[in-house]
>>> print(open('structure-v2.pdb').read())   # PDB, N, CA and C atoms
ATOM      1  N   MET A 137      -9.176  -4.316   7.802
ATOM      2  CA  MET A 137      -9.738  -5.113   6.716
ATOM      3  C   MET A 137      -8.684  -5.207   5.618
ATOM      4  N   ASP A 138      -8.358  -6.454   5.228
ATOM      5  CA  ASP A 138      -7.349  -6.615   4.195
ATOM      6  C   ASP A 138      -7.942  -6.374   2.807
ATOM      7  N   LEU A 139      -7.081  -6.287   1.832
ATOM      8  CA  LEU A 139      -7.489  -5.932   0.470
ATOM      9  C   LEU A 139      -8.460  -6.952  -0.126
ATOM     10  N   GLY A 140      -8.219  -8.228   0.102
ATOM     11  CA  GLY A 140      -9.100  -9.270  -0.420
ATOM     12  C   GLY A 140     -10.501  -9.173   0.167
ATOM     13  N   ALA A 141     -10.561  -8.929   1.468
ATOM     14  CA  ALA A 141     -11.859  -8.796   2.133
ATOM     15  C   ALA A 141     -12.573  -7.544   1.647
ATOM     16  N   LEU A 142     -11.825  -6.479   1.454
ATOM     17  CA  LEU A 142     -12.409  -5.228   0.958
ATOM     18  C   LEU A 142     -12.994  -5.430  -0.438
ATOM     19  N   LYS A 143     -12.244  -6.085  -1.306
ATOM     20  CA  LYS A 143     -12.718  -6.339  -2.665
ATOM     21  C   LYS A 143     -13.975  -7.207  -2.642
ATOM     22  N   SER A 144     -13.990  -8.200  -1.793
ATOM     23  CA  SER A 144     -15.139  -9.085  -1.670
ATOM     24  C   SER A 144     -16.377  -8.333  -1.195
ATOM     25  N   GLN A 145     -16.195  -7.455  -0.200
ATOM     26  CA  GLN A 145     -17.302  -6.640   0.315
ATOM     27  C   GLN A 145     -17.860  -5.746  -0.785
ATOM     28  N   ILE A 146     -16.978  -5.159  -1.571
ATOM     29  CA  ILE A 146     -17.402  -4.270  -2.656
ATOM     30  C   ILE A 146     -18.191  -5.047  -3.702
ATOM     31  N   GLU A 147     -17.682  -6.204  -4.120
ATOM     32  CA  GLU A 147     -18.360  -7.010  -5.134
ATOM     33  C   GLU A 147     -19.753  -7.424  -4.664
ATOM     34  N   GLU A 148     -19.860  -7.883  -3.422
ATOM     35  CA  GLU A 148     -21.155  -8.293  -2.879
ATOM     36  C   GLU A 148     -22.123  -7.109  -2.819
ATOM     37  N   ALA A 149     -21.630  -5.966  -2.370
ATOM     38  CA  ALA A 149     -22.480  -4.783  -2.257
ATOM     39  C   ALA A 149     -22.955  -4.316  -3.624
ATOM     40  N   VAL A 150     -22.076  -4.335  -4.608
ATOM     41  CA  VAL A 150     -22.449  -3.912  -5.965
ATOM     42  C   VAL A 150     -23.559  -4.813  -6.509
ATOM     43  N   GLU A 151     -23.416  -6.110  -6.324
ATOM     44  CA  GLU A 151     -24.441  -7.048  -6.795
ATOM     45  C   GLU A 151     -25.789  -6.758  -6.143
ATOM     46  N   LYS A 152     -25.783  -6.533  -4.838
ATOM     47  CA  LYS A 152     -27.027  -6.253  -4.123
ATOM     48  C   LYS A 152     -27.644  -4.938  -4.585
ATOM     49  N   ILE A 153     -26.826  -3.922  -4.730
ATOM     50  CA  ILE A 153     -27.325  -2.603  -5.125
ATOM     51  C   ILE A 153     -27.867  -2.630  -6.551
ATOM     52  N   ARG A 154     -27.145  -3.253  -7.463
ATOM     53  CA  ARG A 154     -27.573  -3.278  -8.870
ATOM     54  C   ARG A 154     -28.835  -4.099  -9.069
ATOM     55  N   SER A 155     -29.098  -5.055  -8.183
ATOM     56  CA  SER A 155     -30.272  -5.916  -8.355
ATOM     57  C   SER A 155     -31.506  -5.408  -7.614
ATOM     58  N   ASP A 156     -31.365  -4.285  -6.900
ATOM     59  CA  ASP A 156     -32.482  -3.781  -6.093
ATOM     60  C   ASP A 156     -32.578  -2.264  -6.251
ATOM     61  N   ASP A 157     -33.616  -1.816  -6.976
ATOM     62  CA  ASP A 157     -33.768  -0.378  -7.239
ATOM     63  C   ASP A 157     -33.896   0.432  -5.952
ATOM     64  N   LYS A 158     -34.561  -0.129  -4.949
ATOM     65  CA  LYS A 158     -34.721   0.576  -3.677
ATOM     66  C   LYS A 158     -33.360   0.791  -3.007
ATOM     67  N   LEU A 159     -32.532  -0.253  -3.017
ATOM     68  CA  LEU A 159     -31.190  -0.110  -2.450
ATOM     69  C   LEU A 159     -30.364   0.907  -3.231
ATOM     70  N   MET A 160     -30.527   0.920  -4.544
ATOM     71  CA  MET A 160     -29.796   1.886  -5.369
ATOM     72  C   MET A 160     -30.170   3.310  -4.978
ATOM     73  N   GLU A 161     -31.458   3.556  -4.774
ATOM     74  CA  GLU A 161     -31.905   4.882  -4.350
ATOM     75  C   GLU A 161     -31.362   5.225  -2.966
ATOM     76  N   GLU A 162     -31.401   4.259  -2.048
ATOM     77  CA  GLU A 162     -30.858   4.479  -0.703
ATOM     78  C   GLU A 162     -29.370   4.798  -0.783
ATOM     79  N   PHE A 163     -28.653   4.055  -1.634
ATOM     80  CA  PHE A 163     -27.214   4.266  -1.774
ATOM     81  C   PHE A 163     -26.910   5.655  -2.315
ATOM     82  N   LYS A 164     -27.720   6.114  -3.266
ATOM     83  CA  LYS A 164     -27.515   7.457  -3.819
ATOM     84  C   LYS A 164     -27.756   8.530  -2.770
ATOM     85  N   LYS A 165     -28.722   8.313  -1.879
ATOM     86  CA  LYS A 165     -29.055   9.302  -0.854
ATOM     87  C   LYS A 165     -28.081   9.284   0.313
ATOM     88  N   ASP A 166     -27.712   8.084   0.767
ATOM     89  CA  ASP A 166     -26.832   7.958   1.937
ATOM     90  C   ASP A 166     -25.923   6.744   1.759
ATOM     91  N   PRO A 167     -24.845   6.911   0.989
ATOM     92  CA  PRO A 167     -24.001   5.762   0.667
ATOM     93  C   PRO A 167     -23.344   5.096   1.879
ATOM     94  N   ILE A 168     -22.919   5.866   2.856
ATOM     95  CA  ILE A 168     -22.255   5.294   4.027
ATOM     96  C   ILE A 168     -23.219   4.397   4.792
ATOM     97  N   LYS A 169     -24.387   4.907   5.102
ATOM     98  CA  LYS A 169     -25.375   4.142   5.871
ATOM     99  C   LYS A 169     -25.812   2.896   5.098
ATOM    100  N   THR A 170     -26.014   3.039   3.792
ATOM    101  CA  THR A 170     -26.450   1.908   2.973
ATOM    102  C   THR A 170     -25.356   0.847   2.886
ATOM    103  N   ALA A 171     -24.121   1.256   2.709
ATOM    104  CA  ALA A 171     -23.005   0.300   2.655
ATOM    105  C   ALA A 171     -22.896  -0.462   3.972
ATOM    106  N   GLU A 172     -23.074   0.247   5.071
ATOM    107  CA  GLU A 172     -23.019  -0.387   6.386
ATOM    108  C   GLU A 172     -24.155  -1.408   6.524
ATOM    109  N   LYS A 173     -25.324  -1.045   6.062
ATOM    110  CA  LYS A 173     -26.499  -1.927   6.115
ATOM    111  C   LYS A 173     -26.261  -3.178   5.265
ATOM    112  N   ILE A 174     -25.748  -2.996   4.063
ATOM    113  CA  ILE A 174     -25.542  -4.108   3.133
ATOM    114  C   ILE A 174     -24.459  -5.060   3.623
ATOM    115  N   THR A 175     -23.346  -4.498   4.082
ATOM    116  CA  THR A 175     -22.215  -5.333   4.480
ATOM    117  C   THR A 175     -22.402  -5.946   5.860
ATOM    118  N   GLY A 176     -23.233  -5.316   6.676
ATOM    119  CA  GLY A 176     -23.419  -5.812   8.033
ATOM    120  C   GLY A 176     -22.210  -5.572   8.916
ATOM    121  N   VAL A 177     -21.333  -4.712   8.455
ATOM    122  CA  VAL A 177     -20.104  -4.418   9.177
ATOM    123  C   VAL A 177     -20.182  -3.014   9.739
ATOM    124  N   ASP A 178     -19.914  -2.889  11.013
ATOM    125  CA  ASP A 178     -19.931  -1.582  11.663
ATOM    126  C   ASP A 178     -18.500  -1.065  11.752
ATOM    127  N   LEU A 179     -18.122  -0.286  10.756
ATOM    128  CA  LEU A 179     -16.782   0.292  10.689
ATOM    129  C   LEU A 179     -16.872   1.799  10.842
ATOM    130  N   PRO A 180     -15.767   2.421  11.228
ATOM    131  CA  PRO A 180     -15.751   3.887  11.232
ATOM    132  C   PRO A 180     -16.009   4.406   9.815
ATOM    133  N   ASP A 181     -16.624   5.581   9.726
ATOM    134  CA  ASP A 181     -16.991   6.156   8.426
ATOM    135  C   ASP A 181     -15.813   6.257   7.465
ATOM    136  N   ASP A 182     -14.614   6.549   7.981
ATOM    137  CA  ASP A 182     -13.466   6.682   7.078
ATOM    138  C   ASP A 182     -13.121   5.349   6.420
ATOM    139  N   GLN A 183     -13.309   4.250   7.122
ATOM    140  CA  GLN A 183     -13.065   2.939   6.519
ATOM    141  C   GLN A 183     -14.212   2.540   5.596
ATOM    142  N   LEU A 184     -15.437   2.853   5.993
ATOM    143  CA  LEU A 184     -16.582   2.569   5.131
ATOM    144  C   LEU A 184     -16.522   3.389   3.854
ATOM    145  N   SER A 185     -15.923   4.566   3.932
ATOM    146  CA  SER A 185     -15.841   5.404   2.732
ATOM    147  C   SER A 185     -15.014   4.730   1.646
ATOM    148  N   LYS A 186     -14.050   3.887   2.024
ATOM    149  CA  LYS A 186     -13.258   3.140   1.031
ATOM    150  C   LYS A 186     -14.161   2.147   0.301
ATOM    151  N   ILE A 187     -15.032   1.492   1.047
ATOM    152  CA  ILE A 187     -15.975   0.562   0.435
ATOM    153  C   ILE A 187     -16.927   1.326  -0.470
ATOM    154  N   VAL A 188     -17.431   2.452   0.012
ATOM    155  CA  VAL A 188     -18.368   3.272  -0.773
ATOM    156  C   VAL A 188     -17.699   3.738  -2.066
ATOM    157  N   ASP A 189     -16.465   4.194  -1.984
ATOM    158  CA  ASP A 189     -15.753   4.642  -3.191
ATOM    159  C   ASP A 189     -15.608   3.503  -4.196
ATOM    160  N   GLY A 190     -15.310   2.309  -3.696
ATOM    161  CA  GLY A 190     -15.190   1.147  -4.572
ATOM    162  C   GLY A 190     -16.520   0.795  -5.222
ATOM    163  N   ILE A 191     -17.595   0.864  -4.438
ATOM    164  CA  ILE A 191     -18.930   0.567  -4.968
ATOM    165  C   ILE A 191     -19.294   1.582  -6.049
ATOM    166  N   LYS A 192     -19.077   2.859  -5.760
ATOM    167  CA  LYS A 192     -19.402   3.907  -6.728
ATOM    168  C   LYS A 192     -18.630   3.701  -8.030
ATOM    169  N   ALA A 193     -17.352   3.380  -7.917
ATOM    170  CA  ALA A 193     -16.523   3.182  -9.105
ATOM    171  C   ALA A 193     -17.017   1.991  -9.921
ATOM    172  N   LYS A 194     -17.333   0.892  -9.256
ATOM    173  CA  LYS A 194     -17.791  -0.315  -9.947
ATOM    174  C   LYS A 194     -19.145  -0.083 -10.607
ATOM    175  N   VAL A 195     -20.066   0.556  -9.907
ATOM    176  CA  VAL A 195     -21.386   0.834 -10.470
ATOM    177  C   VAL A 195     -21.247   1.758 -11.682
ATOM    178  N   ALA A 196     -20.398   2.764 -11.575
ATOM    179  CA  ALA A 196     -20.190   3.695 -12.693
ATOM    180  C   ALA A 196     -19.590   2.974 -13.895
ATOM    181  N   LEU A 197     -18.606   2.100 -13.672
ATOM    182  CA  LEU A 197     -18.007   1.346 -14.771
ATOM    183  C   LEU A 197     -19.022   0.434 -15.429
ATOM    184  N   ASP A 198     -19.839  -0.225 -14.633
ATOM    185  CA  ASP A 198     -20.872  -1.105 -15.187
ATOM    186  C   ASP A 198     -21.866  -0.308 -16.024
ATOM    187  N   ASP A 199     -22.261   0.869 -15.532
ATOM    188  CA  ASP A 199     -23.200   1.708 -16.266
ATOM    189  C   ASP A 199     -22.605   2.171 -17.590
ATOM    190  N   ILE A 200     -21.345   2.546 -17.589
ATOM    191  CA  ILE A 200     -20.672   2.973 -18.822
ATOM    192  C   ILE A 200     -20.615   1.811 -19.802
ATOM    193  N   GLY A 201     -20.283   0.628 -19.298
ATOM    194  CA  GLY A 201     -20.229  -0.552 -20.161
ATOM    195  C   GLY A 201     -21.577  -0.856 -20.780
ATOM    196  N   ASP A 202     -22.642  -0.739 -19.983
ATOM    197  CA  ASP A 202     -23.992  -0.976 -20.504
ATOM    198  C   ASP A 202     -24.327   0.022 -21.604
ATOM    199  N   LYS A 203     -23.983   1.273 -21.381
ATOM    200  CA  LYS A 203     -24.287   2.310 -22.368
ATOM    201  C   LYS A 203     -23.476   2.124 -23.640
ATOM    202  N   LEU A 204     -22.207   1.787 -23.497
ATOM    203  CA  LEU A 204     -21.368   1.573 -24.670
ATOM    204  C   LEU A 204     -21.813   0.342 -25.442
ATOM    205  N   GLY A 205     -22.273  -0.683 -24.722
ATOM    206  CA  GLY A 205     -22.774  -1.883 -25.376
ATOM    207  C   GLY A 205     -23.962  -1.578 -26.258
ATOM    208  N   GLY A 206     -24.768  -0.622 -25.867
ATOM    209  CA  GLY A 206     -25.924  -0.223 -26.662
ATOM    210  C   GLY A 206     -25.548   0.469 -27.950
ATOM    211  N   LEU A 207     -24.340   0.981 -28.025
ATOM    212  CA  LEU A 207     -23.889   1.659 -29.245
ATOM    213  C   LEU A 207     -23.761   0.707 -30.422
ATOM    214  N   LYS A 208     -23.573  -0.581 -30.156
ATOM    215  CA  LYS A 208     -23.448  -1.553 -31.240
ATOM    216  C   LYS A 208     -24.672  -1.505 -32.150
ATOM    217  N   ASN A 209     -25.821  -1.271 -31.557
ATOM    218  CA  ASN A 209     -27.059  -1.234 -32.339
ATOM    219  C   ASN A 209     -27.099  -0.049 -33.313
ATOM    220  N   LEU A 210     -26.370   0.980 -33.011
ATOM    221  CA  LEU A 210     -26.331   2.140 -33.902
ATOM    222  C   LEU A 210     -25.658   1.811 -35.224
ATOM    223  N   PHE A 211     -24.779   0.833 -35.206
ATOM    224  CA  PHE A 211     -24.007   0.490 -36.390
ATOM    225  C   PHE A 211     -24.489  -0.813 -37.038
ATOM    226  N   GLY A 212     -25.700  -1.219 -36.692
ATOM    227  CA  GLY A 212     -26.288  -2.390 -37.333
ATOM    228  C   GLY A 212     -25.825  -3.720 -36.775
ATOM    229  N   LYS A 213     -25.057  -3.706 -35.695
ATOM    230  CA  LYS A 213     -24.595  -4.949 -35.093
ATOM    231  C   LYS A 213     -25.475  -5.239 -33.881
ATOM    232  N   LYS A 214     -25.931  -6.438 -33.802
ATOM    233  CA  LYS A 214     -26.767  -6.837 -32.659
ATOM    234  C   LYS A 214     -26.167  -8.055 -32.019
ATOM    235  N   ASP A 215     -26.449  -8.206 -30.723
ATOM    236  CA  ASP A 215     -25.932  -9.374 -29.988
ATOM    237  C   ASP A 215     -26.460 -10.664 -30.544
TER     238      ASP A 215
END
>>> encode(input="structure-v2.pdb", output="structure tokens")
Amino acid sequence: MDLGALKSQIEEAVEKIRSDDKLMEEFKKDPIKTAEKITGVDLPDDQLSKIVDGIKAKVALDDIGDKLGGLKNLFGKKD
């Protein structure tokens, strides 16, 4: 899997996971199996782990951004 395809798989998986609480719970419990289910790609676990690591990193960054965005309200600034 080339880098562009890997990035695309990660972006699609992140969107699906973030928009579905059930998928998010499944991903937290068994990220490899959930990533395989979402992507529809049957890869060896070591290759799927790269996708899982990318998904985890993206979800964590998005969560941090959401939390930091909420800090604006502490200082009287609103969207």
>>> residues_around(input="structure-v2.pdb", residues="segment 152-158 of chain A", least_positions_apart="6", cutoff="12 Å", atoms="only C-alpha atoms", output="list in words")
Gln145, Ile146, Lys164, Lys165, Pro167, Thr170, Ala171, Lys173, Ile174, Thr175, Val188, Ile191, Lys192, Lys194, Val195, Ala196, Asp198 and Asp199 of chain A
>>> atom_distance(input="structure-v2.pdb", atom1="atom CA of Lys169 of chain A", atom2="atom CA of Gly190 of chain A")
14.9 Å
>>> atom_distance(input="structure-v2.pdb", atom1="atom CA of Asp181 of chain A", atom2="atom CA of Glu148 of chain A")
18.8 Å
>>> atom_distance(input="structure-v2.pdb", atom1="atom CA of Leu184 of chain A", atom2="atom CA of Ile168 of chain A")
6.4 Å
>>> axis_aligned_box(input="structure-v2.pdb", around="segment 150-160 of chain A", padding_each_side="6 Å", output="AutoDock Vina command-line options")
--center_x -28.4 --center_y -1.9 --center_z -5.8 --size_x 24.6 --size_y 22.4 --size_z 18.6
